[in-house]
Amino acid sequence: MSKVTVVGAGFVGATVAQYVAEHDLADVVLVDVIEGMPQGKALDLWQAASVLGHGRKVFGSNSYTDTKESNIVVITAGVARKPGMSRDDLLKINAKIVQEVAKETVKQSPEGIFIVVTNPLDVMTYLTWQTTKLPQHKVIGMAGVLDSARFQTFIAMELNISVEDVRAMVLGGHGDLMVPLPRFSTVNGIPITELMPPDRIQSLCERTRNGGAEIVSLLKSGSAYYAPGASVAHMAGSILKDKNRLLPCAVYASGQYGIKDIYVGLPAILGREGIKKIVELKLSPDEASALKKSAESIRENINVMNQLLVAV
Ligand code: TXD
C-alpha cells in the first residue's frame with residue numbers, strides 16, 4: 001500500500017491530493033495547521049472517489065502522527081507574499097514553516113522521499129535536505145516539470161498542434177533566471193528550432209519565464225495550482241511506480257554542469273529511491289552561462305536564508 005502525505009492543504013496541496021488519488025497512485029493524508037480544513041477537503045475528495053471509480057482513501061489531519069510511514073512527503077506549506085512584505089520577510093517566514101514541517105514529517109517517515117513545492121523553491125528544497133539530514137537523492141524540488149509544461153503548452157499554442165506531441169526542457173532555478181532550452185525541445189522528435197523562427201522561440205521562452213506571474217495577474221489573488229498539482233503527481237507516479245522518467249527536477253548538484261553544493265533544476269532520472277541519476281547534457285556557451293547565473297542567484301539566496309535563520 002502506498003501512502004503520500006501532503007503538508008499544506010491549500011490550493012496546491014489539495015490539487016496534489018486530488019490527482020494522486022484520481023490517478024490511483026496512493027492513499028493520501030492531507031495535513032494543515034488550520035483546524036477542520038484538511039479534514040473537510042479530504043472528505044470531499046474521498047466522496048468524489050465513489051463517483052470517479054477509484055478506491056483511494058483521502059484523510060485530513062492536523063497531526064503529524066497520521067503521516068507515519070509515508071512513501072512520499074510533499075511540502076506545500078507556506079504563506080504567499082503580501083503587499084508590504086519583502087522577499088526576505090517571505091524567505092524567513094517560509095523557512096521557519098518548512099523547517100518545522102520537515103523536522104516533524106521526517107520523524108514519522110524516515111524512509112520517505114520528500115518533494116518540496118514551497119517557494120522560493122530551490123532554497124526551500126535545500127533547507128528540507130539540511131533539516132531532514134536525508135541522503136540528497138531523497139529530497140527533490142518540483143519546478144522544472146511545471147516550467148517545462150508551461151513551455152510545452154506555449155509551443156503547442158504557437159504551432160496549433162496537440163500538446164501531447166511536445167516535449168520541452170527548462171533547467172535552472174524556479175525564477176526569472178530559469179533556462180528554457182529550445183535546442184532540447186521537440187515536437188515528436190523534431191527540434192522546435194526547425195519549426196519556428198528564433199524571435200518566436202525567444203518570445204515563448206520569455207512567456208515561460210513569466211509563466212507564474214501571468215497566472216497571478218489573471219487570478220488577482222493566489223497563484224497557479226492545477227499544473228503545479230499535476231506536476232507533483234507526475235513526479236510521485238515516477239517514484240511510486242519506479243518508472244525511471246527523465247524529468248527536470250531541483251536536485252543537489254555535486255559538480256554536474258560545474259555547479260556544486262546547491263539545489264538547482266537539472267534533468268534527472270526519477271525512480272523508487274528518488275533521484276537515480278543526474279543527466280549531463282553538453283550545453284552551448286550561452287546555455288551554460290545562463291545556467292551558471294541562475295545557480296549563483298540560488299546560492300546567494302541560500303546564504304541569505306542561512307543568515308536569517310541564524311539571526312532568529
Ligand atoms: O513550482 C512551484 N514549486 C510552485 C510553488 C508552484 C505553485 C505554488 N508554489 C508555492 O507553493 C507557493 O509560492 C507557496 O509557497 C506554496 C503553496 O501554494 P498554495 O497556492 O497552495 O498556497 P496556499 O493555498 O496559501 O496554501 C498554503 C497552505 C495553507 O493552507 C496554510 O494554512 C498552510 O499552507 N500552512 C501550514 N501547513 C502546515 N504547517 C504549517 N506550519 C503551515 N503554515 C502554513
# chains A, B, ... in the order shown; residues from 1 in each chain; ligands from 1
>>> select_by_dssp(residues="range 30-204 of chain A", states="strand (DSSP E or B)", output="ChimeraX atom specification")
/A:30-31,58-61,72-75,113-116,139-141,166-167,170-172,179-180,186-187,190-191
>>> residues_around(residues="range 120-134 of chain A", least_positions_apart="2", cutoff="10 Å", atoms="only C-alpha atoms", output="PyMOL selection string")
chain A and resi 75+87+90-91+94-107+110-118+136-143+172-175+249-252+261-265+295+298-306
>>> closest_residue(among="A:Pro248, A:Val73, A:Gln307, A:Asp176", to="Val7 in chain A", atoms="only C-alpha atoms")
A:Val73
>>> closest_residue(among="A:Ala227, A:Lys92, A:Leu240, A:Gly212", to="Ala311 in chain A", atoms="only C-alpha atoms")
A:Lys92
>>> residues_around(residues="Val279 in chain A", least_positions_apart="6", cutoff="9 Å", atoms="only C-alpha atoms", output="PyMOL selection string")
chain A and resi 246+256+266-269
